[in-house]
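**Student:** Got model-v5.tsv for you, TSV, C-alpha atoms:
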chain	number	residue	atom	x	y	z
F	1	MET	CA	-39.11	-26.32	-17.24
F	2	LYS	CA	-36.19	-28.73	-17.26
F	3	LYS	CA	-34.62	-26.79	-20.12
F	4	GLY	CA	-34.92	-23.56	-18.11
F	5	TRP	CA	-33.09	-25.10	-15.16
F	6	LEU	CA	-30.31	-26.30	-17.45
F	7	ILE	CA	-29.89	-22.79	-18.88
F	8	ALA	CA	-29.78	-21.32	-15.37
F	9	LEU	CA	-27.19	-23.85	-14.24
F	10	GLY	CA	-25.15	-23.19	-17.36
F	11	LEU	CA	-25.16	-19.44	-16.73
F	12	LEU	CA	-24.20	-20.02	-13.10
F	13	LEU	CA	-21.30	-22.27	-14.18
F	14	ILE	CA	-20.12	-19.67	-16.68
F	15	GLY	CA	-20.29	-17.02	-13.95
F	16	CYS	CA	-18.26	-19.15	-11.55
F	17	ILE	CA	-15.63	-19.83	-14.21
F	18	GLY	CA	-15.48	-16.13	-15.05
F	19	ALA	CA	-15.08	-15.19	-11.39
F	20	TYR	CA	-12.31	-17.76	-10.95
F	21	VAL	CA	-10.44	-16.53	-14.05
F	22	TRP	CA	-10.80	-12.93	-12.81
F	23	TYR	CA	-9.56	-13.95	-9.36
F	24	ARG	CA	-6.48	-15.71	-10.80
F	25	ASN	CA	-5.67	-12.73	-13.03
F	26	VAL	CA	-5.86	-10.32	-10.13
F	27	LYS	CA	-3.69	-12.58	-7.98
F	28	ASP	CA	-1.10	-13.11	-10.74
F	29	GLU	CA	-0.98	-9.39	-11.46
F	30	ARG	CA	-0.37	-8.49	-7.80
F	31	THR	CA	2.25	-11.21	-7.44
F	32	ALA	CA	4.06	-9.89	-10.52
F	33	GLU	CA	4.04	-6.38	-9.08
F	34	GLY	CA	5.46	-7.59	-5.78
F	35	LYS	CA	2.42	-6.57	-3.78
F	36	PRO	CA	1.61	-8.36	-0.55
F	37	TYR	CA	-0.95	-11.07	-1.06
F	38	ASP	CA	-2.13	-13.61	1.49
F	39	ASP	CA	-4.04	-15.83	-0.97
F	40	THR	CA	-7.40	-14.65	0.32
F	41	LEU	CA	-10.01	-12.61	-1.42
F	42	LYS	CA	-10.53	-9.78	1.05
F	43	PRO	CA	-9.81	-6.04	1.24
F	44	ARG	CA	-6.21	-5.03	1.86
F	45	LEU	CA	-4.96	-1.99	3.80
F	46	GLU	CA	-1.62	-0.32	3.27
F	47	MET	CA	-0.17	2.59	5.25
F	48	THR	CA	1.42	4.75	2.57
F	49	ARG	CA	2.77	7.46	4.87
F	50	MET	CA	2.16	9.47	8.01
F	51	ALA	CA	2.43	13.21	8.44
F	52	ILE	CA	2.77	15.22	11.65
F	53	THR	CA	0.59	18.33	11.45
F	54	ASP	CA	0.90	19.85	14.91
F	55	ILE	CA	3.19	19.33	17.91
F	56	SER	CA	2.02	20.87	21.19
F	57	GLU	CA	2.89	20.32	24.82
F	58	ASP	CA	0.14	17.76	25.39
F	59	VAL	CA	-0.86	16.30	22.03
F	60	ILE	CA	0.82	15.49	18.74
F	61	SER	CA	-1.61	15.61	15.83
F	62	MET	CA	-0.88	13.62	12.71
F	63	ASN	CA	-2.53	12.13	9.64
F	64	LEU	CA	-2.21	8.47	8.66
F	65	TYR	CA	-2.67	7.89	4.93
F	66	MET	CA	-4.26	4.47	4.34
F	67	LEU	CA	-4.80	2.85	0.96
F	68	ILE	CA	-7.78	0.49	0.97
F	69	ASP	CA	-7.69	-1.99	-1.91
F	70	ASN	CA	-10.74	-4.00	-2.93
F	71	PRO	CA	-10.03	-7.24	-4.85
F	72	LEU	CA	-13.65	-8.39	-4.52
F	73	PRO	CA	-15.81	-8.76	-7.66
F	74	VAL	CA	-18.31	-6.37	-6.04
F	75	GLY	CA	-17.99	-3.00	-4.42
F	76	PHE	CA	-18.46	-2.54	-0.69
F	77	LYS	CA	-19.29	0.07	1.89
F	78	SER	CA	-17.98	0.37	5.42
F	79	PRO	CA	-19.74	2.58	7.99
F	80	SER	CA	-16.63	3.01	10.17
F	81	LEU	CA	-13.06	1.93	10.78
F	82	ASP	CA	-11.55	1.26	14.21
F	83	TYR	CA	-7.77	1.39	14.48
F	84	THR	CA	-4.91	1.22	16.97
F	85	PHE	CA	-1.52	2.72	16.15
F	86	TYR	CA	1.76	1.28	17.47
F	87	ILE	CA	5.33	2.56	17.50
F	88	ALA	CA	7.99	-0.05	18.30
F	89	ASN	CA	5.15	-2.45	19.23
F	90	THR	CA	3.89	-0.03	21.89
F	91	PRO	CA	0.28	1.19	21.48
F	92	VAL	CA	0.30	4.98	21.43
F	93	MET	CA	-3.15	5.78	20.10
F	94	ALA	CA	-6.59	4.20	19.51
F	95	ASP	CA	-9.37	5.90	17.57
F	96	ALA	CA	-12.16	5.40	15.04
F	97	TYR	CA	-12.85	6.83	11.59
F	98	LYS	CA	-16.58	7.54	11.63
F	99	LYS	CA	-17.07	8.59	8.00
F	100	PRO	CA	-18.47	6.00	5.57
F	101	ILE	CA	-15.96	4.37	3.21
F	102	GLU	CA	-16.95	3.10	-0.23
F	103	VAL	CA	-14.68	1.23	-2.64
F	104	LYS	CA	-15.73	-0.01	-6.07
F	105	SER	CA	-14.98	-3.49	-7.37
F	106	GLY	CA	-11.31	-3.98	-8.28
F	107	ASP	CA	-10.55	-0.42	-7.18
F	108	SER	CA	-8.81	1.33	-4.29
F	109	THR	CA	-9.27	4.52	-2.31
F	110	LEU	CA	-7.08	6.65	-0.07
F	111	VAL	CA	-8.40	7.47	3.39
F	112	VAL	CA	-6.78	10.02	5.70
F	113	LEU	CA	-7.12	8.96	9.34
F	114	PRO	CA	-6.62	11.72	11.92
F	115	ALA	CA	-4.58	10.65	14.93
F	116	LYS	CA	-3.82	12.37	18.21
F	117	LEU	CA	-0.95	11.01	20.27
F	118	ALA	CA	-0.33	11.85	23.90
F	119	TYR	CA	2.97	13.76	24.00
F	120	LYS	CA	4.30	12.00	27.11
F	121	LYS	CA	3.46	8.54	25.81
F	122	LEU	CA	5.25	9.20	22.52
F	123	THR	CA	8.31	10.78	24.14
F	124	ASN	CA	8.65	7.75	26.45
F	125	VAL	CA	8.77	5.47	23.40
F	126	LEU	CA	11.28	7.75	21.66
F	127	LYS	CA	13.43	7.90	24.79
F	128	THR	CA	13.64	4.10	24.86
F	129	LEU	CA	14.61	4.00	21.16
F	130	ASP	CA	17.21	6.71	21.74
F	131	GLN	CA	18.78	4.78	24.64
F	132	LYS	CA	19.07	1.73	22.38
F	133	ASP	CA	20.48	3.88	19.55
F	134	ILE	CA	17.74	2.74	17.15
F	135	ASP	CA	17.38	5.01	14.11
F	136	SER	CA	14.46	3.16	12.48
F	137	THR	CA	11.51	1.32	13.93
F	138	ASN	CA	8.23	-0.40	13.13
F	139	TYR	CA	5.07	1.65	12.77
F	140	LYS	CA	2.10	-0.69	12.98
F	141	MET	CA	-1.64	-0.33	12.72
F	142	ARG	CA	-4.34	-2.81	13.60
F	143	ALA	CA	-7.58	-2.02	11.85
F	144	LYS	CA	-11.07	-3.47	12.15
F	145	PHE	CA	-13.96	-2.51	9.92
F	146	ALA	CA	-17.36	-3.83	8.93
F	147	LEU	CA	-18.08	-4.33	5.22
F	148	ASP	CA	-21.57	-4.08	3.82
F	149	ILE	CA	-21.26	-6.42	0.82
F	150	PRO	CA	-24.19	-7.12	-1.52
F	151	ILE	CA	-25.66	-10.61	-1.13
F	152	LEU	CA	-23.20	-11.56	1.64
F	153	GLY	CA	-24.43	-8.83	3.97
F	154	GLN	CA	-22.16	-7.35	6.63
F	155	LYS	CA	-18.79	-8.94	7.34
F	156	THR	CA	-16.15	-7.86	9.84
F	157	PHE	CA	-12.52	-7.80	8.74
F	158	GLU	CA	-9.41	-7.30	10.83
F	159	THR	CA	-5.97	-6.61	9.45
F	160	THR	CA	-2.52	-5.51	10.62
F	161	ILE	CA	-0.26	-3.17	8.67
F	162	ASP	CA	3.42	-3.06	9.56
F	163	LYS	CA	5.84	-0.53	8.06
F	164	ARG	CA	9.44	0.15	8.99
F	165	MET	CA	10.43	3.80	8.73
F	166	PRO	CA	13.07	6.14	10.20
F	167	THR	CA	12.49	7.16	13.79
F	168	PHE	CA	11.50	10.83	13.94
F	169	TYR	CA	12.64	12.55	17.13
F	170	LEU	CA	10.88	15.70	18.20
F	171	PRO	CA	13.02	18.87	18.34
F	172	GLU	CA	14.07	20.02	21.80
F	173	VAL	CA	14.14	23.76	22.52
F	174	LYS	CA	16.12	25.13	25.47
F	175	ILE	CA	16.57	28.74	26.61
F	176	ASP	CA	20.23	29.30	27.46
F	177	ASP	CA	19.99	32.97	28.36
F	178	ILE	CA	17.78	36.02	28.10
F	179	ASP	CA	19.99	39.07	27.75
F	180	PHE	CA	18.09	42.25	28.56
F	181	GLY	CA	21.08	44.45	27.70
F	182	LYS	CA	20.61	47.99	28.94
F	183	LEU	CA	17.15	48.58	30.36
F	184	GLY	CA	15.61	51.68	28.78
F	185	LEU	CA	12.57	53.80	29.50
F	186	LYS	CA	11.05	53.67	26.02
F	187	ARG	CA	11.97	50.17	24.89
F	188	THR	CA	14.39	47.42	25.72
F	189	ASP	CA	15.98	45.19	23.12
F	190	VAL	CA	16.25	41.64	24.38
F	191	ALA	CA	18.26	38.77	22.98
F	192	ALA	CA	16.95	35.28	23.67
F	193	LYS	CA	19.76	32.75	23.26
F	194	VAL	CA	18.25	29.41	22.37
F	195	SER	CA	19.59	25.91	21.70
F	196	ILE	CA	17.61	23.64	19.37
F	197	THR	CA	18.58	19.96	19.50
F	198	ASN	CA	17.88	17.71	16.52
F	199	LYS	CA	18.54	13.98	17.12
F	200	ASN	CA	17.44	12.99	13.62
F	201	LYS	CA	19.84	12.02	10.87
F	202	MET	CA	18.35	14.60	8.54
F	203	PRO	CA	18.59	18.37	9.01
F	204	PHE	CA	15.55	20.60	8.77
F	205	SER	CA	14.68	24.28	9.00
F	206	ILE	CA	12.29	26.25	11.15
F	207	THR	CA	10.41	29.25	9.85
F	208	ASP	CA	7.71	31.70	10.99
F	209	ALA	CA	9.02	31.55	14.57
F	210	HIS	CA	7.00	33.52	17.12
F	211	TYR	CA	7.72	33.73	20.84
F	212	THR	CA	6.37	35.46	23.93
F	213	VAL	CA	8.28	35.95	27.20
F	214	PHE	CA	6.52	35.89	30.57
F	215	ILE	CA	8.23	36.76	33.84
F	216	ASP	CA	6.48	36.14	37.15
F	217	GLY	CA	3.30	35.38	35.20
F	218	LYS	CA	3.33	38.71	33.32
F	219	GLU	CA	3.88	39.09	29.58
F	220	ILE	CA	6.86	41.43	29.21
F	221	ALA	CA	8.13	40.86	25.67
F	222	ASP	CA	7.52	39.18	22.34
F	223	GLY	CA	9.16	38.80	18.96
F	224	GLU	CA	9.30	36.92	15.68
F	225	GLN	CA	11.81	35.51	13.22
F	226	THR	CA	10.15	34.81	9.89
F	227	GLU	CA	13.30	33.88	7.94
F	228	PRO	CA	14.18	30.15	7.79
F	229	ILE	CA	16.82	28.92	10.24
F	230	ARG	CA	18.78	25.78	9.40
F	231	ILE	CA	18.91	23.18	12.19
F	232	LYS	CA	21.80	20.73	11.83
F	233	ALA	CA	21.35	16.95	11.85
F	234	GLN	CA	22.25	15.06	15.05
F	235	ALA	CA	23.50	18.25	16.68
F	236	THR	CA	22.50	21.20	18.82
F	237	THR	CA	22.18	24.46	16.89
F	238	PRO	CA	22.52	27.76	18.82
F	239	VAL	CA	20.13	30.49	17.71
F	240	VAL	CA	19.70	34.09	18.89
F	241	PHE	CA	16.16	35.42	18.63
F	242	PRO	CA	15.53	39.18	18.80
F	243	VAL	CA	12.83	40.15	21.29
F	244	THR	CA	11.37	43.56	22.09
F	245	ALA	CA	10.25	44.40	25.62
F	246	ARG	CA	7.95	47.35	26.34
F	247	PRO	CA	8.85	49.56	29.34
F	248	GLY	CA	5.36	49.53	30.79
F	249	LYS	CA	5.44	45.73	30.93
F	250	THR	CA	9.06	45.39	32.05
F	251	LEU	CA	9.16	47.95	34.88
F	252	SER	CA	6.48	46.14	36.90
F	253	VAL	CA	8.71	43.08	37.30
F	254	LEU	CA	12.07	44.91	37.29
F	255	PRO	CA	12.74	44.54	41.07
F	256	LYS	CA	12.27	40.77	40.87
F	257	MET	CA	14.40	40.58	37.73
F	258	LEU	CA	17.29	42.31	39.49
F	259	PHE	CA	17.07	41.17	43.11
F	260	ASP	CA	14.96	38.01	43.34
F	261	LYS	CA	16.01	35.91	40.38
F	262	LYS	CA	16.02	32.63	42.28
F	263	ASP	CA	12.30	32.79	43.07
F	264	THR	CA	11.17	34.55	39.90
F	265	PRO	CA	9.78	32.13	37.28
F	266	TYR	CA	9.89	32.72	33.56
F	267	ARG	CA	7.97	31.11	30.68
F	268	VAL	CA	8.59	31.34	26.97
F	269	ASN	CA	5.86	30.30	24.54
F	270	PHE	CA	7.52	29.30	21.27
F	271	ARG	CA	5.89	28.28	18.01
F	272	CYS	CA	7.14	27.78	14.46
F	273	LYS	CA	6.83	25.61	11.35
F	274	LEU	CA	9.16	22.77	10.42
F	275	ILE	CA	10.28	22.61	6.78
F	276	ASP	CA	12.64	20.33	4.89
F	277	LYS	CA	14.42	21.02	1.59
F	278	GLU	CA	13.88	17.39	0.60
F	279	ASN	CA	10.12	17.86	1.16
F	280	ASN	CA	9.98	15.10	3.73
F	281	SER	CA	6.27	14.38	3.95
F	282	SER	CA	6.52	13.02	7.49
F	283	PHE	CA	6.75	16.46	9.07
F	284	ALA	CA	7.08	19.13	6.35
F	285	ASN	CA	5.12	22.31	7.16
F	286	SER	CA	3.93	20.88	10.47
F	287	LYS	CA	3.38	23.29	13.32
F	288	PHE	CA	5.62	23.01	16.35
F	289	VAL	CA	4.73	24.49	19.75
F	290	SER	CA	6.94	24.42	22.83
F	291	THR	CA	6.74	25.97	26.29
F	292	ILE	CA	10.03	26.53	28.11
F	293	THR	CA	9.98	27.28	31.84
F	294	GLY	CA	12.47	27.95	34.64
F	295	THR	CA	13.63	30.73	36.96
F	296	LEU	CA	15.75	33.78	36.19
F	297	ASP	CA	18.47	32.28	38.33
F	298	ASP	CA	19.11	29.89	35.42
F	299	PHE	CA	20.52	32.76	33.37
F	300	LYS	CA	23.60	34.92	33.53
F	301	LYS	CA	23.58	38.04	35.68
F	302	LEU	CA	21.31	40.66	34.16
F	303	LYS	CA	23.10	43.70	32.88
F	304	LYS	CA	22.27	46.97	34.62
Translate the structure described by the file into structure tokens.
**Tutor:**
Amino acid sequence: MKKGWLIALGLLLIGCIGAYVWYRNVKDERTAEGKPYDDTLKPRLEMTRMAITDISEDVISMNLYMLIDNPLPVGFKSPSLDYTFYIANTPVMADAYKKPIEVKSGDSTLVVLPAKLAYKKLTNVLKTLDQKDIDSTNYKMRAKFALDIPILGQKTFETTIDKRMPTFYLPEVKIDDIDFGKLGLKRTDVAAKVSITNKNKMPFSITDAHYTVFIDGKEIADGEQTEPIRIKAQATTPVVFPVTARPGKTLSVLPKMLFDKKDTPYRVNFRCKLIDKENNSSFANSKFVSTITGTLDDFKKLKK
């Protein structure tokens, strides 16, 4: 019996020594590679990138790509992950990833966290950065998740990831004029003169542009521009979009268009895709939606 206990203790000692050697090797390897290490044996999160997928009037949808690294000698499972996202130390979004996460021992996995940011909250942060002329800022995430670890049971871990990246300003679309040219009975060719402002240091292009014009609440014209249009960096680029108005739709609002411009509202629904020749993963191929409103009195006198 005594001999059996000695064998068990010997195996346990060998296991402890092996675990310690493995732990030191992992630590030395990460230190050599320049990876962040806080001298603790716990999972590590790293935000590799973020990608904007959709920009609408109310919500900006994006994906946060998180690398979860497991230095533990055993694999673990996590039923969920709670996270709060910050831009310039201002919380702009809080959500939870409800899908189970599993990482094997000494391995890592990439998790894509969907995020929806309130448009007004984000633009307020960007406006403050713009006023201070800040072209890069901190993007931070605080994450909390429960780990179901064999033997140890469930443990809760909290971590903060901080990454400095260029500030991405949202494009601003403004309608300068809607030129109806000569109003015809069969069709009317319309030219929408638009200014697109890009405050970022990198240029980009828009493609697959579609737009619909409403006057006094009635849809009177639409159009599309599928060819890419280059938008200059830190500048305002003028663009003329061709639009076709149908006579049946236009004639119903013609009196207001000609004689009551001050009290006649217009709305243009604009959507496109943002592309970048450098394949910037932060916003490449993201959808952009904008609604521009005003009154016809904002434009030049309509041609008769």
**Student:** If you count only C-alpha atoms, which residues fall within 10 Å of range 232-240 of chain F, apart from same-chain ones fewer than 2 positions away, as a list in words?
**Tutor:**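 These residues fall inside the cut-off: Pro171, Glu172, Val173, Lys174, Ile175, Asp176, Asp177, Ile178, Val190, Ala191, Ala192, Lys193, Val194, Ser195, Ile196, Thr197, Asn198, Lys199, Asn200, Lys201, Met202, Pro203, Phe204, Ser205, Gln225, Ile229, Arg230, Pro242 and Val243 of chain F.
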**Student:** Give me, please, the distance in Å between CA of Ala209 in chain F and CA of Gly223 in chain F, quoted to one decimal.
**Tutor:**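 Distance between the two atoms: 8.5 Å.
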**Student:** What's the 12 Å shell around Asp260 in chain F, counting all atoms listed in the file, without same-chain residues fewer than 2 positions away, as a list in words?
**Tutor:**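 Contacts, in chain order: Ile215, Asp216, Val253, Leu254, Pro255, Lys256, Met257, Leu258, Lys262, Asp263, Thr264, Pro265, Thr295, Leu296, Asp297, Lys301 and Leu302 of chain F.
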**Student:** Between F:Ala94, F:Leu129, F:Val111, F:Ala221, which has the minimum distance to Met50 in chain F (counting only C-alpha atoms)?
**Tutor:**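 Closest candidate: F:Val111.
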**Student:** Tell me which protein, DNA and RNA residues are within 7 Å of Arg164 in chain F, counting all atoms listed in the file, leaving out same-chain ones fewer than 5 positions away, and put them as number ranges by chain.
**Tutor:** F: 136-139
**Student:** For the selection you just gave me, I'd like the residues written to a file as a JSON list (two decimals), in the coordinates of the input, keeping C-alpha atoms.
**Tutor:**
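Printed below is result-v4.json as written:
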[["chain", "number", "residue", "atom", "x", "y", "z"],
["F", 136, "SER", "CA", 14.46, 3.16, 12.48],
["F", 137, "THR", "CA", 11.51, 1.32, 13.93],
["F", 138, "ASN", "CA", 8.23, -0.40, 13.13],
["F", 139, "TYR", "CA", 5.07, 1.65, 12.77]]
**Student:** Could you state the separation of CA of Lys42 in chain F and CA of Pro79 in chain F in Å, given to one decimal place?
**Tutor:**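 About the pair CA of Lys42 in chain F and CA of Pro79 in chain F: they are 16.9 Å apart.
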**Student:** Nearest residue to Lys287 in chain F out of F:Ala146, F:Ile55, F:Leu45, F:Val74, using only C-alpha atoms?
**Tutor:** F:Ile55
**Student:** Quick one, how far is CA of Lys155 in chain F from CA of Phe76 in chain F?
**Tutor:**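 Taking CA of Lys155 in chain F and CA of Phe76 in chain F, their separation equals 10.3 Å.
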**Student:** Nearest to Pro91 in chain F: which of F:Leu67, F:Val125, F:Val59, F:Leu274 is it, counting all atoms listed in the file?
**Tutor:**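 Using all atoms listed in the file, the shortest distance to Pro91 in chain F belongs to F:Val125.
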**Student:** Taking all atoms listed in the file into account, which of F:Arg267, F:Leu81, F:Asn70, F:Tyr86 comes nearest Lys104 in chain F?
**Tutor:**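 Among F:Arg267, F:Leu81, F:Asn70, F:Tyr86, it is F:Asn70 that comes nearest to Lys104 in chain F.
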**Student:** Please determine, counting only C-alpha atoms, which residue among F:Asp133, F:Ile231, F:Asp179, F:Leu147 has the shortest atom-to-atom distance to Thr167 in chain F.
**Tutor:**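 Closest to Thr167 in chain F of all the choices is F:Asp133.
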**Student:** Can you pull out the residues contacting Thr128 in chain F? Cut-off 12 Å, using all atoms listed in the file, and skip same-chain residues under 6 positions away; I want them as number ranges by chain.
**Tutor:** F: 87-88, 90, 121-122, 134-135, 137, 167, 169
**Student:** Rank F:Lys249, F:Lys218, F:Lys144, F:Lys163 by their smallest atom-to-atom distance to Tyr97 in chain F, using all atoms listed in the file, and report the top residue only.
**Tutor:**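 Selected residue with least distance to Tyr97 in chain F: F:Lys144.
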